[in-house]
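A.B. asks: Here's a structure for you.
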Amino acid sequence: MKLGGVGGAKTVNGLNFEKRVDLSKAISLIPGYKITKIENKAGFGVFFKEKLVARCFKKHDFYRFLEEENIQWQKIISSRLIPDDALLVIVRETLFIIEVKYQSVSGSVDEKLQTCDFKRKQYLKLVAPLGLRVEYVYVLSDWFKNPRYKDVLDYVHSVNCHYKFNEIPLAWLGLPVPAGNSTGRFN
């Protein structure tokens, strides 16, 4: 994970994803942001200028969050889905499921991209009692810019899921963009 802008600008305006990503760590490196454990709550609080703007859940923390909200997932879906990261952006009332797919050779991840519609609908069922929207987004390495992925990437968009290459813009998530950052991306 690299943070910082291009050249001498050093603007932090988006999250640049590589092979392994810790979303909360990446966010915490952006000026104005702070990640803090909230007592008796799952995951971490995402604060911008001391104001809670989001909550970040890694893997099983998402199910601890559901327990906090008295949602019994077993009564809603038959099998757990474990997200790489989930980010609940409070002001948007939106849960972002963020799946990082970093590839440098062909493999099983090729077909996994085609499962986003099913997974998004499962997450929608889980958070429906909370009135949350769900956005399912893949963060893909440049490997997926190969023309052979055109059909599957078109499919991802056609089922109201998303993909970004290597980064996610803060503004796209609905998070505050630190002053001086024109593009609002985690870099």
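Chain labels A, B, ... are given in the sequence in which chains occur in the structure tokens; within each chain residues are numbered consecutively from 1, and ligands are likewise numbered from 1 in the order shown.
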Taking 6 positions as the minimum chain separation for residues in the same chain, which residues sit within 10 Å of A:Asn160 when counting only C-alpha atoms? Answer as a VMD selection string.

C.D. replies: chain A and resid 116 to 117 120 135 to 137

A.B. asks: Going by DSSP on the backbone, which bits of stretch 19-82 of chain A are alpha helix (DSSP H)? Write them as a list in words, please.

C.D. replies: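 Taking stretch 19-82 of chain A and keeping alpha helix (DSSP H) gives Leu23, Ser24, Lys25, Ala26, Ile27, Ser28, Asp61, Phe62, Tyr63, Arg64, Phe65, Leu66, Glu67 and Glu68 of chain A.
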
A.B. asks: With a distance cut-off of 6 Å and only C-alpha atoms, select the neighbouring residues of A:Phe44, excluding the residue or stretch itself and same-chain residues fewer than 4 positions from it, and output the selection as a ChimeraX atom specification.

C.D. replies: /A:36-37,55-56

A.B. asks: Can you list, as a VMD selection string, every protein, DNA or RNA residue that comes within 9 Å of stretch 82-87 of chain A when you count only C-alpha atoms, leaving out same-chain residues fewer than 3 positions away?

C.D. replies: chain A and resid 21 to 23 54 to 63 94 to 100 173

A.B. asks: Take the residues from that selection and write them out as a compact mmCIF listing (two decimals), in the first residue's frame, keeping N, CA and C atoms.

C.D. replies:
```
# COMPACT_ATOMS: atom_id res chain seq x y z
N VAL A 21 -4.15 -5.25 1.66
CA VAL A 21 -4.63 -3.94 2.03
C VAL A 21 -5.24 -3.99 3.42
N ASP A 22 -4.93 -3.01 4.20
CA ASP A 22 -5.61 -2.79 5.47
C ASP A 22 -6.31 -1.45 5.32
N LEU A 23 -7.60 -1.49 5.06
CA LEU A 23 -8.37 -0.28 4.77
C LEU A 23 -8.27 0.72 5.91
N ALA A 54 -17.74 7.20 9.61
CA ALA A 54 -17.92 5.85 9.07
C ALA A 54 -17.48 4.83 10.12
N ARG A 55 -17.82 3.60 9.83
CA ARG A 55 -17.31 2.48 10.62
C ARG A 55 -16.72 1.48 9.64
N CYS A 56 -15.60 0.90 10.03
CA CYS A 56 -14.86 -0.02 9.17
C CYS A 56 -14.85 -1.41 9.80
N PHE A 57 -15.24 -2.41 9.01
CA PHE A 57 -15.29 -3.78 9.50
C PHE A 57 -14.42 -4.67 8.62
N LYS A 58 -13.56 -5.41 9.23
CA LYS A 58 -12.68 -6.35 8.53
C LYS A 58 -13.22 -7.76 8.76
N LYS A 59 -13.43 -8.50 7.71
CA LYS A 59 -13.84 -9.90 7.76
C LYS A 59 -15.00 -10.14 8.73
N HIS A 60 -14.74 -10.87 9.84
CA HIS A 60 -15.79 -11.29 10.77
C HIS A 60 -16.35 -10.15 11.63
N ASP A 61 -15.69 -9.01 11.66
CA ASP A 61 -16.23 -7.87 12.41
C ASP A 61 -17.60 -7.46 11.90
N PHE A 62 -17.84 -7.68 10.60
CA PHE A 62 -19.14 -7.33 10.04
C PHE A 62 -20.26 -8.09 10.75
N TYR A 63 -20.04 -9.36 11.07
CA TYR A 63 -21.07 -10.16 11.75
C TYR A 63 -21.20 -9.75 13.21
N THR A 94 -24.98 3.96 3.84
CA THR A 94 -24.57 2.99 2.82
C THR A 94 -23.45 2.12 3.34
N LEU A 95 -23.61 0.83 3.15
CA LEU A 95 -22.57 -0.14 3.47
C LEU A 95 -21.84 -0.48 2.18
N PHE A 96 -20.54 -0.20 2.14
CA PHE A 96 -19.73 -0.55 1.00
C PHE A 96 -19.03 -1.86 1.31
N ILE A 97 -19.25 -2.86 0.47
CA ILE A 97 -18.51 -4.11 0.57
C ILE A 97 -17.35 -3.96 -0.42
N ILE A 98 -16.14 -4.04 0.12
CA ILE A 98 -14.95 -3.79 -0.70
C ILE A 98 -14.15 -5.08 -0.82
N GLU A 99 -14.06 -5.57 -2.03
CA GLU A 99 -13.31 -6.79 -2.30
C GLU A 99 -12.10 -6.46 -3.16
N VAL A 100 -10.94 -6.79 -2.67
CA VAL A 100 -9.69 -6.50 -3.38
C VAL A 100 -9.30 -7.73 -4.18
N LEU A 173 -17.01 7.46 -2.17
CA LEU A 173 -17.54 6.78 -0.99
C LEU A 173 -18.47 7.67 -0.17
```

A.B. asks: Need to verify the contact set: A:Val152, 9 Å, only C-alpha atoms, exclusion of same-chain residues closer than 4 positions in sequence. Can you return it as a tab-separated table (two decimals) with N, CA, C and O atoms, in the first residue's frame?

C.D. replies:
```
chain	number	residue	atom	x	y	z
A	110	ASP	N	-10.79	-15.00	-11.70
A	110	ASP	CA	-11.48	-14.62	-12.93
A	110	ASP	C	-12.99	-14.86	-12.81
A	110	ASP	O	-13.79	-14.01	-13.16
A	111	GLU	N	-13.37	-16.02	-12.32
A	111	GLU	CA	-14.79	-16.34	-12.19
A	111	GLU	C	-15.43	-15.72	-10.96
A	111	GLU	O	-16.63	-15.49	-10.93
A	113	LEU	N	-15.31	-12.74	-10.01
A	113	LEU	CA	-15.86	-11.43	-10.34
A	113	LEU	C	-17.33	-11.53	-10.75
A	113	LEU	O	-18.08	-10.58	-10.59
A	114	GLN	N	-17.72	-12.68	-11.23
A	114	GLN	CA	-19.08	-12.87	-11.71
A	114	GLN	C	-20.08	-13.13	-10.58
A	114	GLN	O	-21.27	-13.29	-10.84
A	148	ARG	N	-9.54	-9.07	-22.31
A	148	ARG	CA	-10.28	-10.32	-22.08
A	148	ARG	C	-11.26	-10.21	-20.93
A	148	ARG	O	-12.14	-11.06	-20.77
A	156	VAL	N	-20.33	-6.67	-14.37
A	156	VAL	CA	-20.28	-6.10	-13.01
A	156	VAL	C	-21.11	-4.83	-12.96
A	156	VAL	O	-21.95	-4.65	-12.07
A	157	HIS	N	-20.91	-3.93	-13.91
A	157	HIS	CA	-21.69	-2.69	-13.94
A	157	HIS	C	-23.16	-2.95	-14.24
A	157	HIS	O	-24.03	-2.27	-13.69
```

A.B. asks: To one decimal place, how far is atom CA of A:Val91 from atom CA of A:Glu67 in Å?

C.D. replies: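 Distance reported for this atom pair: 21.7 Å.
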
A.B. asks: What residues in chain A get the DSSP label strand (DSSP E)? Please answer as number ranges by chain.

C.D. replies: A: 14-16, 33-36, 44-48, 51-58, 85-89, 94-101, 133-140, 162-165, 167-169

A.B. asks: I need the residues from that last selection saved to file as a compact mmCIF listing (two decimals), in the first residue's frame (with N, CA and C atoms), if you can.

C.D. replies:
```
# COMPACT_ATOMS: atom_id res chain seq x y z
N GLY A 14 -6.84 9.53 -2.29
CA GLY A 14 -7.50 8.26 -2.56
C GLY A 14 -6.71 7.13 -1.96
N LEU A 15 -7.27 5.93 -1.99
CA LEU A 15 -6.62 4.77 -1.42
C LEU A 15 -6.08 3.91 -2.54
N ASN A 16 -4.77 3.69 -2.55
CA ASN A 16 -4.12 2.88 -3.57
C ASN A 16 -3.97 1.47 -3.02
N TYR A 33 -7.93 12.36 9.14
CA TYR A 33 -8.62 11.12 9.51
C TYR A 33 -7.94 10.44 10.69
N LYS A 34 -8.77 9.78 11.47
CA LYS A 34 -8.28 9.00 12.62
C LYS A 34 -9.16 7.76 12.73
N ILE A 35 -8.53 6.63 12.96
CA ILE A 35 -9.25 5.37 13.14
C ILE A 35 -9.11 4.98 14.60
N THR A 36 -10.23 4.75 15.26
CA THR A 36 -10.22 4.45 16.68
C THR A 36 -11.20 3.33 16.98
N PHE A 44 -13.95 -0.57 13.68
CA PHE A 44 -13.31 0.66 14.10
C PHE A 44 -14.13 1.85 13.64
N GLY A 45 -14.08 2.92 14.42
CA GLY A 45 -14.70 4.17 14.03
C GLY A 45 -13.76 4.94 13.12
N VAL A 46 -14.30 5.53 12.07
CA VAL A 46 -13.54 6.37 11.16
C VAL A 46 -13.95 7.81 11.46
N PHE A 47 -12.99 8.58 11.95
CA PHE A 47 -13.26 9.96 12.33
C PHE A 47 -12.55 10.91 11.37
N PHE A 48 -13.24 11.97 10.99
CA PHE A 48 -12.62 13.04 10.22
C PHE A 48 -12.80 14.30 11.04
N LYS A 51 -14.99 13.93 14.06
CA LYS A 51 -16.40 13.57 13.87
C LYS A 51 -16.48 12.17 13.27
N LEU A 52 -17.31 11.32 13.87
CA LEU A 52 -17.50 9.97 13.35
C LEU A 52 -18.20 10.04 12.00
N VAL A 53 -17.53 9.56 10.94
CA VAL A 53 -18.10 9.61 9.59
C VAL A 53 -18.38 8.23 9.02
N ALA A 54 -17.74 7.20 9.61
CA ALA A 54 -17.92 5.85 9.07
C ALA A 54 -17.48 4.83 10.12
N ARG A 55 -17.82 3.60 9.83
CA ARG A 55 -17.31 2.48 10.62
C ARG A 55 -16.72 1.48 9.64
N CYS A 56 -15.60 0.90 10.03
CA CYS A 56 -14.86 -0.02 9.17
C CYS A 56 -14.85 -1.41 9.80
N PHE A 57 -15.24 -2.41 9.01
CA PHE A 57 -15.29 -3.78 9.50
C PHE A 57 -14.42 -4.67 8.62
N LYS A 58 -13.56 -5.41 9.23
CA LYS A 58 -12.68 -6.35 8.53
C LYS A 58 -13.22 -7.76 8.76
N ASP A 85 -13.33 -6.16 3.30
CA ASP A 85 -13.60 -4.98 4.12
C ASP A 85 -15.04 -4.55 3.89
N ALA A 86 -15.62 -4.00 4.93
CA ALA A 86 -16.93 -3.37 4.81
C ALA A 86 -16.80 -2.00 5.45
N LEU A 87 -17.33 -1.00 4.79
CA LEU A 87 -17.25 0.37 5.28
C LEU A 87 -18.65 0.95 5.31
N LEU A 88 -19.13 1.26 6.50
CA LEU A 88 -20.45 1.86 6.66
C LEU A 88 -20.25 3.37 6.71
N VAL A 89 -20.67 4.04 5.65
CA VAL A 89 -20.56 5.50 5.57
C VAL A 89 -21.87 6.06 6.13
N THR A 94 -24.98 3.96 3.84
CA THR A 94 -24.57 2.99 2.82
C THR A 94 -23.45 2.12 3.34
N LEU A 95 -23.61 0.83 3.15
CA LEU A 95 -22.57 -0.14 3.47
C LEU A 95 -21.84 -0.48 2.18
N PHE A 96 -20.54 -0.20 2.14
CA PHE A 96 -19.73 -0.55 1.00
C PHE A 96 -19.03 -1.86 1.31
N ILE A 97 -19.25 -2.86 0.47
CA ILE A 97 -18.51 -4.11 0.57
C ILE A 97 -17.35 -3.96 -0.42
N ILE A 98 -16.14 -4.04 0.12
CA ILE A 98 -14.95 -3.79 -0.70
C ILE A 98 -14.15 -5.08 -0.82
N GLU A 99 -14.06 -5.57 -2.03
CA GLU A 99 -13.31 -6.79 -2.30
C GLU A 99 -12.10 -6.46 -3.16
N VAL A 100 -10.94 -6.79 -2.67
CA VAL A 100 -9.69 -6.50 -3.38
C VAL A 100 -9.30 -7.73 -4.18
N LYS A 101 -9.11 -7.54 -5.46
CA LYS A 101 -8.68 -8.63 -6.34
C LYS A 101 -7.40 -8.20 -7.04
N ARG A 133 -28.37 1.00 2.38
CA ARG A 133 -28.11 0.61 1.01
C ARG A 133 -26.79 -0.16 1.00
N VAL A 134 -26.57 -0.92 -0.04
CA VAL A 134 -25.32 -1.68 -0.19
C VAL A 134 -24.72 -1.39 -1.55
N GLU A 135 -23.45 -1.07 -1.54
CA GLU A 135 -22.67 -0.92 -2.77
C GLU A 135 -21.56 -1.96 -2.71
N TYR A 136 -21.47 -2.75 -3.74
CA TYR A 136 -20.47 -3.80 -3.81
C TYR A 136 -19.41 -3.34 -4.81
N VAL A 137 -18.18 -3.23 -4.35
CA VAL A 137 -17.13 -2.69 -5.22
C VAL A 137 -15.88 -3.56 -5.18
N TYR A 138 -15.40 -3.88 -6.36
CA TYR A 138 -14.11 -4.56 -6.49
C TYR A 138 -13.03 -3.50 -6.67
N VAL A 139 -11.93 -3.68 -5.99
CA VAL A 139 -10.74 -2.89 -6.27
C VAL A 139 -9.80 -3.85 -6.98
N LEU A 140 -9.53 -3.54 -8.25
CA LEU A 140 -8.81 -4.46 -9.12
C LEU A 140 -7.42 -3.94 -9.44
N HIS A 162 -19.75 -2.38 -8.77
CA HIS A 162 -18.75 -1.43 -9.23
C HIS A 162 -17.36 -2.05 -9.23
N TYR A 163 -16.48 -1.43 -9.97
CA TYR A 163 -15.06 -1.78 -9.88
C TYR A 163 -14.26 -0.50 -10.06
N LYS A 164 -13.14 -0.47 -9.40
CA LYS A 164 -12.18 0.62 -9.53
C LYS A 164 -10.82 -0.04 -9.70
N PHE A 165 -9.93 0.64 -10.37
CA PHE A 165 -8.58 0.11 -10.53
C PHE A 165 -7.66 0.75 -9.50
N GLU A 167 -7.57 1.95 -6.68
CA GLU A 167 -7.91 2.95 -5.67
C GLU A 167 -9.40 3.21 -5.65
N ILE A 168 -9.82 3.87 -4.56
CA ILE A 168 -11.21 4.31 -4.45
C ILE A 168 -11.19 5.78 -4.04
N PRO A 169 -11.87 6.64 -4.80
CA PRO A 169 -11.93 8.06 -4.42
C PRO A 169 -12.75 8.26 -3.13
```

A.B. asks: For the atom pair atom CA of A:Ala179 and atom CA of A:Ile30, what is the interatomic distance in Å to one decimal place?

C.D. replies: 11.1 Å

A.B. asks: Here is a test: counting only C-alpha atoms, which residue of A:Lys41, A:Lys119, A:Lys145, A:Lys49 is nearest to A:Glu69?

C.D. replies: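 Closest residue, counting only C-alpha atoms: A:Lys41.
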
A.B. asks: Using only C-alpha atoms, which of A:Asn70, A:Gln122, A:Asn146, A:Ser78 sits nearest A:Gln103?

C.D. replies: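 For A:Gln103, the nearest of the candidates is A:Asn146.
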
A.B. asks: What is the distance, in Å and to one decimal place, between atom CA of A:Ile71 and atom CA of A:Lys125?

C.D. replies: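 Computing it gives 10.7 Å between the two atoms.
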